[in-house]
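K.L.:
Can you read through this structure? Questions will come right after.
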Amino acid sequence: MEPDVTVTVTEVNGKRKIHCHPHHVKVTEQDTTLTFALATDGYVFPPNCAVVVHHPGSQFPNPPVTEPDGKTVNLYDVCTEIGDFNYTVFVVNESGTERLSEDPSIQNEP
């Protein structure tokens with residue numbers, strides 16, 4: 001099964017940045033679990049709060065779950081209301097000395 005969002009880390013001119021593909025996720029089915037997969041070696045999702053939905057309301061009632069390997073995060077979306085939900089994805093390098101973030105969005109269209 002393909003992830004809903006693939007997360008990568010790139011470096012340009014010595015600066016690292018996260019990329020989420022797609023940047024805007026469209027969810028059309030109720031009771032959807034979104035899967036975020038980290039595709040860059042040397043980085044992991046933090047064990048807590050790897051994906052933070054800003055103003056989740058009733059659509060994201062549970063915290064995200066980071067798998068033990070740190071490469072996958074699952075986020076439950078009730079998807080019963082139309083709306084756009086901004087969120088932040090966090091990754092850290094495996095030594096824990098660098099924390100990066102990106103701010104994409106989820107669009108619910110039940």
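Labeling convention for the structure tokens: chains A, B, ... as they appear, residues from 1 per chain, ligands from 1 in order of appearance.
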Report as a PDB file with N, CA and C atoms, in the first residue's frame all protein, DNA and RNA residues lying within 8 Å of Val52 in chain A, evaluated on only C-alpha atoms, omitting residues in the same chain fewer than 3 positions from it.
P.N.:
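Final file, part-v8.pdb:
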ATOM      1  N   CYS A  49       4.148  13.652  18.631  1.00  0.00           N
ATOM      2  CA  CYS A  49       3.815  14.886  17.907  1.00  0.00           C
ATOM      3  C   CYS A  49       4.582  15.040  16.596  1.00  0.00           C
ATOM      4  N   PRO A  64      -1.348  11.524  16.539  1.00  0.00           N
ATOM      5  CA  PRO A  64      -0.705  10.671  15.548  1.00  0.00           C
ATOM      6  C   PRO A  64       0.067   9.553  16.231  1.00  0.00           C
ATOM      7  N   TYR A  87      -1.402  21.596   8.954  1.00  0.00           N
ATOM      8  CA  TYR A  87      -0.688  20.773   9.917  1.00  0.00           C
ATOM      9  C   TYR A  87       0.804  20.969   9.737  1.00  0.00           C
ATOM     10  N   THR A  88       1.562  20.542  10.716  1.00  0.00           N
ATOM     11  CA  THR A  88       3.016  20.609  10.657  1.00  0.00           C
ATOM     12  C   THR A  88       3.568  19.205  10.805  1.00  0.00           C
ATOM     13  N   VAL A  89       4.519  18.863   9.937  1.00  0.00           N
ATOM     14  CA  VAL A  89       5.242  17.593  10.012  1.00  0.00           C
ATOM     15  C   VAL A  89       6.623  17.889  10.583  1.00  0.00           C
TER      16      VAL A  89
END
K.L.:
Listing only residues of range 50-99 of chain A within 12 Å of range 16-23 of chain A, what is the closest atom pair and its distance in Å (to one decimal) for each, using only C-alpha atoms, sorted by chain and residue number ascending, as CSV?
P.N.:
residue,atom,partner,partner_atom,distance
A:Val51,CA,A:Cys20,CA,11.8
A:Asn86,CA,A:His23,CA,10.5
A:Tyr87,CA,A:His23,CA,10.5
A:Thr88,CA,A:Cys20,CA,10.3
A:Val89,CA,A:Ile18,CA,8.5
A:Phe90,CA,A:Ile18,CA,8.5
A:Val91,CA,A:Ile18,CA,8.1
A:Val92,CA,A:Ile18,CA,10.5
A:Asn93,CA,A:Arg16,CA,10.8
A:Glu98,CA,A:Arg16,CA,9.7
A:Arg99,CA,A:Arg16,CA,10.0
K.L.:
In Å, rounded to a single decimal, give me how far CA of Asn62 in chain A is from CA of Val78 in chain A.
P.N.:
9.7 Å
K.L.:
What does the distance from CA of Leu100 in chain A to CA of Leu38 in chain A come to in Å, to one decimal?
P.N.:
12.6 Å
K.L.:
My list of candidates is A:Val12, A:Val5, A:Val53, A:Ile106. Which is closest to Ile82 in chain A when distances are computed with only C-alpha atoms?
P.N.:
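Using only C-alpha atoms, the shortest distance to Ile82 in chain A belongs to A:Ile106.
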K.L.:
Using only C-alpha atoms, which residue out of A:Thr80, A:Asn13, A:Thr40, A:Thr8 lies closest to Val27 in chain A?
P.N.:
A:Thr80
K.L.:
Could you check which of A:Val65, A:Val73, A:Val25, A:Val9 is closest to Gly42 in chain A, using only C-alpha atoms?
P.N.:
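Under the stated criterion, the closest residue is A:Val9.
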K.L.:
Which one of A:Lys15, A:Glu109, A:Phe85, A:Lys26 sits closest to Gly57 in chain A if you count only C-alpha atoms?
P.N.:
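Closest to Gly57 in chain A, using only C-alpha atoms: A:Phe85.
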K.L.:
Quick one: pick out all strand (DSSP E or B) residues within range 24-71 of chain A from a backbone DSSP run and write them as a ChimeraX atom specification.
P.N.:
/A:24-27,32-38,43-44,51-53,65-66
K.L.:
Dump C-alpha atoms for the selected residues as a short mmCIF file (atom, residue, chain, number, x, y, z; two decimals), in the first residue's frame?
P.N.:
data_model
loop_
_atom_site.label_atom_id
_atom_site.label_comp_id
_atom_site.auth_asym_id
_atom_site.auth_seq_id
_atom_site.Cartn_x
_atom_site.Cartn_y
_atom_site.Cartn_z
CA HIS A 24 -2.13 19.24 -0.07
CA VAL A 25 -3.80 15.91 0.76
CA LYS A 26 -7.43 15.46 -0.27
CA VAL A 27 -9.49 13.09 1.91
CA THR A 32 -9.54 7.46 6.93
CA THR A 33 -6.13 6.75 8.40
CA LEU A 34 -3.52 8.87 6.66
CA THR A 35 -0.05 7.32 6.40
CA PHE A 36 3.06 9.49 6.32
CA ALA A 37 6.23 7.71 5.17
CA LEU A 38 9.73 9.17 5.61
CA TYR A 43 16.08 10.99 9.59
CA VAL A 44 13.12 9.73 11.64
CA VAL A 51 2.24 15.43 12.82
CA VAL A 52 0.41 18.29 14.52
CA VAL A 53 -2.93 19.41 13.08
CA VAL A 65 0.97 7.30 16.06
CA THR A 66 4.65 6.98 15.14
#
